[in-house]
Amino acid sequence: MRIIAAFGIILLHETSNSVLFFSHQMSRSDIYMEGIFQNLLMWCVPVFLMITGALMLDPARELPIKKIYKKYILRMVLALAVFTLIYQLYDFAIAGDHEPILKAWLTDLIFARGWRYLWYIYLLISVYMMLPLFRAATCSPDRLPAYFIPLLGIFTSLIPTLQLFGLGELGLDLPITVVYPLYLLLGYQLYRNKIPVAWAALMTAGSTAAIVGLTVWSISSGKLQGTEFFNGLAGYDSIFTVVQSAGIFALLDHFLDKGIGPFAKSVDKCTFGIYLIHVIGIHYIMGAKGLNPYSWGTSAAFGVFIAMAAGLYAASAALTWLIRRIPGQRLL
């Protein structure tokens with residue numbers, strides 16, 4: 001699942017960055033294609049979180065607080081500090097940012113003002129800090145996940161989506177403002193209580209069709225990327241993204257349950273490094289070198305995105321594999 005989701009994340013970042021670098025050169029058909037594929041790829045990060053939930057919320061797994069901080073949080077803090085600096089050095093060398101590096105690094109690190117891709121690392125630190133609370137729910141004999149999941153789905157996903165359409169202005173509220181705990185518990189629940197393949201396929205197909213239709217409608221209505229409606233349509237708290245992510249997770253869990261070989265296991269161990277490294281390639285290829293996938297036409301652009309993603313995936317995985325061979329390193 002991580003191998004597949006990592007490739008999807010590269011495609012997602014390519015398409016979203018194409019707007020950043022080439023919005024003034026995009027035709028109407030380019031805008032439609034970019035919007036559709038970006039919104040259809042929002043399931044990748046939720047699936048990563050669901051994998052985390054499936055593994056780390058297992059009551060049979062011993063996970064004391066000391067281990068959480070010493071092993072998992074320390075690794076995230078180290079990765080955050082190192083890659084905030086690496087991205088800052090890139091901006092200094094390639095983008096011409098002449099602000100003092102040390103000051104810029106500390107500011108970006110403390111106030112989360114670095115490259116936007118690092119938001120996921122900040123999220124993981126928060127998630128790991130809250131793991132004992134989430135594990136208390138899954139270790140309870142009262143089947144609390146089955147109770148919390150519908151509630152979290154209603155308050156952190158369904159109501160925000162209804163409000164996006166001007167509906168659901170309810171006085172009832174819940175002091176939980178983020179949807180990410182829902183994905184953790186969903187991953188745990190779906191991994192241990194399989195749903196029928198037909199249901200998973202229906203969830204995936206139905207939510208995908210809804211996302212495509214609503215994306216086309218929103219662009220036609222002038223609600224382009226950057227507007228609150230467009231960003232919320234397939235944001236992580238959108239009910240469509242929640243259902244699609246759950247469906248895709250359940251389908252992958254069903255079809256990948258035979259296990260994987262040694263090569264795939266090696267690639268799987270590189271997925272964290274792939275996430276951190278590939279964005280440098282995207283910024284260099286599309287930003288510094290100005291390679292515009294849309295210059296080949298809309299019909300060919302997605303093929304260019306696929307080819308770029310494959311190359312960046314391979315290069316990032318190879319570099320991560322080499323770094324992991326360094327004795328004593330705990331970064332990747």
# chains A, B, ... in the order shown; residues from 1 in each chain; ligands from 1

call {"tool": "select_by_dssp", "arguments": {"residues": "range 86-198 of chain A", "states": "helix (DSSP H, G or I)", "output": "PyMOL selection string"}}
result
chain A and resi 86-93+101-111+116-138+144-164+180-192+197-198

call {"tool": "residues_around", "arguments": {"residues": "Pro196 in chain A", "least_positions_apart": "3", "cutoff": "12 Å", "atoms": "only C-alpha atoms", "output": "list in words"}}
result
Leu190, Asn193, Trp199, Ala200, Ala201, Leu202, Met203, Gly247, Ala250, Leu251, Asp253, His254 and Phe255 of chain A

call {"tool": "closest_residue", "arguments": {"among": "A:Phe148, A:Phe7, A:Phe48, A:Tyr128", "to": "Phe249 in chain A", "atoms": "only C-alpha atoms"}}
result
A:Phe48

call {"tool": "residues_around", "arguments": {"residues": "range 129-136 of chain A", "least_positions_apart": "3", "cutoff": "10 Å", "atoms": "only C-alpha atoms", "output": "ChimeraX atom specification"}}
result
/A:53,56-59,61,63-65,68-69,72-73,123-126,139-141,144-145,181,184-185

call {"tool": "atom_distance", "arguments": {"atom1": "CA of Tyr284 in chain A", "atom2": "CA of Ile9 in chain A"}}
result
17.2 Å

call {"tool": "closest_residue", "arguments": {"among": "A:Ile51, A:Ala60, A:Ile159, A:Val77", "to": "Leu186 in chain A", "atoms": "only C-alpha atoms"}}
result
A:Ile51

call {"tool": "closest_residue", "arguments": {"among": "A:Pro100, A:Ile280, A:Phe229, A:Ile121", "to": "Leu74 in chain A", "atoms": "only C-alpha atoms"}}
result
A:Ile121

call {"tool": "closest_residue", "arguments": {"among": "A:Ser316, A:Thr52, A:Thr215, A:Thr107", "to": "Gly235 in chain A", "atoms": "only C-alpha atoms"}}
result
A:Thr215

call {"tool": "residues_around", "arguments": {"residues": "range 298-301 of chain A", "least_positions_apart": "4", "cutoff": "6 Å", "atoms": "only C-alpha atoms", "output": "short mmCIF file (atom, residue, chain, number, x, y, z; two decimals) with N, CA, C and O atoms, in the first residue's frame"}}
result
data_model
loop_
_atom_site.label_atom_id
_atom_site.label_comp_id
_atom_site.auth_asym_id
_atom_site.auth_seq_id
_atom_site.Cartn_x
_atom_site.Cartn_y
_atom_site.Cartn_z
N ASP A 30 -6.56 22.05 -19.84
CA ASP A 30 -5.50 21.74 -18.87
C ASP A 30 -6.01 21.91 -17.45
O ASP A 30 -5.72 21.09 -16.56
N PRO A 293 4.63 20.22 -18.61
CA PRO A 293 3.96 19.06 -19.23
C PRO A 293 2.84 19.46 -20.18
O PRO A 293 2.53 18.71 -21.11
N TYR A 294 2.23 20.62 -19.97
CA TYR A 294 1.11 21.03 -20.80
C TYR A 294 1.56 21.53 -22.17
O TYR A 294 0.73 21.72 -23.07
#

call {"tool": "closest_atom_pairs", "arguments": {"of": "range 83-158 of chain A", "to": "range 267-277 of chain A", "cutoff": "9 Å", "atoms": "only C-alpha atoms", "output": "Markdown table"}}
result
| residue | atom | partner | partner_atom | distance |
| --- | --- | --- | --- | --- |
| A:Phe83 | CA | A:Leu276 | CA | 7.4 |
| A:Tyr117 | CA | A:Leu276 | CA | 8.0 |
| A:Leu118 | CA | A:Leu276 | CA | 8.0 |

call {"tool": "atom_distance", "arguments": {"atom1": "CA of Arg28 in chain A", "atom2": "CA of Ile10 in chain A"}}
result
23.4 Å

call {"tool": "closest_residue", "arguments": {"among": "A:Ser266, A:Ser23, A:Gln38, A:Ser29", "to": "Thr320 in chain A", "atoms": "only C-alpha atoms"}}
result
A:Ser266

call {"tool": "closest_residue", "arguments": {"among": "A:Ala205, A:Ile94, A:Leu85, A:Leu233", "to": "Gly114 in chain A", "atoms": "only C-alpha atoms"}}
result
A:Leu85

call {"tool": "residues_around", "arguments": {"residues": "Gly281 in chain A", "least_positions_apart": "3", "cutoff": "10 Å", "atoms": "only C-alpha atoms", "output": "PyMOL selection string"}}
result
chain A and resi 14+277-278+284-288+308-309+311-313+315-316

call {"tool": "write_last_selection", "arguments": {"atoms": "N, CA, C and O atoms", "output": "PDB file, in the first residue's frame"}}
result
ATOM      1  N   GLU A  14       3.070  16.703  -8.425  1.00  0.00           N
ATOM      2  CA  GLU A  14       3.363  17.204  -9.779  1.00  0.00           C
ATOM      3  C   GLU A  14       2.200  18.038 -10.311  1.00  0.00           C
ATOM      4  O   GLU A  14       2.404  19.146 -10.823  1.00  0.00           O
ATOM      5  N   ILE A 277      12.291  13.355  -0.578  1.00  0.00           N
ATOM      6  CA  ILE A 277      13.275  13.708  -1.603  1.00  0.00           C
ATOM      7  C   ILE A 277      12.638  14.125  -2.923  1.00  0.00           C
ATOM      8  O   ILE A 277      13.128  15.029  -3.609  1.00  0.00           O
ATOM      9  N   HIS A 278      11.519  13.498  -3.309  1.00  0.00           N
ATOM     10  CA  HIS A 278      11.003  13.709  -4.667  1.00  0.00           C
ATOM     11  C   HIS A 278      10.631  15.156  -4.951  1.00  0.00           C
ATOM     12  O   HIS A 278      10.692  15.606  -6.094  1.00  0.00           O
ATOM     13  N   TYR A 284      13.015  21.316  -9.149  1.00  0.00           N
ATOM     14  CA  TYR A 284      14.114  21.542 -10.087  1.00  0.00           C
ATOM     15  C   TYR A 284      13.650  21.386 -11.531  1.00  0.00           C
ATOM     16  O   TYR A 284      13.922  22.247 -12.383  1.00  0.00           O
ATOM     17  N   ILE A 285      12.939  20.300 -11.808  1.00  0.00           N
ATOM     18  CA  ILE A 285      12.527  20.021 -13.192  1.00  0.00           C
ATOM     19  C   ILE A 285      11.501  21.043 -13.687  1.00  0.00           C
ATOM     20  O   ILE A 285      11.639  21.602 -14.778  1.00  0.00           O
ATOM     21  N   MET A 286      10.475  21.288 -12.866  1.00  0.00           N
ATOM     22  CA  MET A 286       9.396  22.165 -13.306  1.00  0.00           C
ATOM     23  C   MET A 286       9.664  23.629 -12.980  1.00  0.00           C
ATOM     24  O   MET A 286       9.289  24.515 -13.752  1.00  0.00           O
ATOM     25  N   GLY A 287      10.290  23.878 -11.836  1.00  0.00           N
ATOM     26  CA  GLY A 287      10.528  25.252 -11.413  1.00  0.00           C
ATOM     27  C   GLY A 287      11.771  25.858 -12.016  1.00  0.00           C
ATOM     28  O   GLY A 287      11.718  26.862 -12.724  1.00  0.00           O
ATOM     29  N   ALA A 288      12.932  25.224 -11.761  1.00  0.00           N
ATOM     30  CA  ALA A 288      14.197  25.781 -12.233  1.00  0.00           C
ATOM     31  C   ALA A 288      14.388  25.583 -13.737  1.00  0.00           C
ATOM     32  O   ALA A 288      14.817  26.500 -14.448  1.00  0.00           O
ATOM     33  N   MET A 308       7.466  11.449 -15.559  1.00  0.00           N
ATOM     34  CA  MET A 308       8.222  12.199 -14.555  1.00  0.00           C
ATOM     35  C   MET A 308       8.137  11.521 -13.189  1.00  0.00           C
ATOM     36  O   MET A 308       9.140  11.386 -12.476  1.00  0.00           O
ATOM     37  N   ALA A 309       6.928  11.090 -12.824  1.00  0.00           N
ATOM     38  CA  ALA A 309       6.729  10.456 -11.519  1.00  0.00           C
ATOM     39  C   ALA A 309       7.538   9.172 -11.417  1.00  0.00           C
ATOM     40  O   ALA A 309       8.138   8.883 -10.371  1.00  0.00           O
ATOM     41  N   GLY A 311      10.322   8.422 -13.016  1.00  0.00           N
ATOM     42  CA  GLY A 311      11.735   8.772 -12.888  1.00  0.00           C
ATOM     43  C   GLY A 311      12.070   9.299 -11.498  1.00  0.00           C
ATOM     44  O   GLY A 311      13.091   8.909 -10.905  1.00  0.00           O
ATOM     45  N   LEU A 312      11.219  10.175 -10.969  1.00  0.00           N
ATOM     46  CA  LEU A 312      11.456  10.725  -9.636  1.00  0.00           C
ATOM     47  C   LEU A 312      11.342   9.644  -8.566  1.00  0.00           C
ATOM     48  O   LEU A 312      12.080   9.649  -7.575  1.00  0.00           O
ATOM     49  N   TYR A 313      10.403   8.721  -8.758  1.00  0.00           N
ATOM     50  CA  TYR A 313      10.228   7.615  -7.812  1.00  0.00           C
ATOM     51  C   TYR A 313      11.504   6.774  -7.763  1.00  0.00           C
ATOM     52  O   TYR A 313      12.024   6.475  -6.678  1.00  0.00           O
ATOM     53  N   ALA A 315      14.579   7.535  -8.794  1.00  0.00           N
ATOM     54  CA  ALA A 315      15.741   8.280  -8.309  1.00  0.00           C
ATOM     55  C   ALA A 315      15.676   8.493  -6.796  1.00  0.00           C
ATOM     56  O   ALA A 315      16.683   8.329  -6.086  1.00  0.00           O
ATOM     57  N   SER A 316      14.495   8.833  -6.289  1.00  0.00           N
ATOM     58  CA  SER A 316      14.342   9.067  -4.849  1.00  0.00           C
ATOM     59  C   SER A 316      14.532   7.777  -4.065  1.00  0.00           C
ATOM     60  O   SER A 316      15.143   7.768  -2.987  1.00  0.00           O
TER      61      SER A 316
END

call {"tool": "atom_distance", "arguments": {"atom1": "CA of Ala95 in chain A", "atom2": "CA of Asn39 in chain A"}}
result
28.5 Å
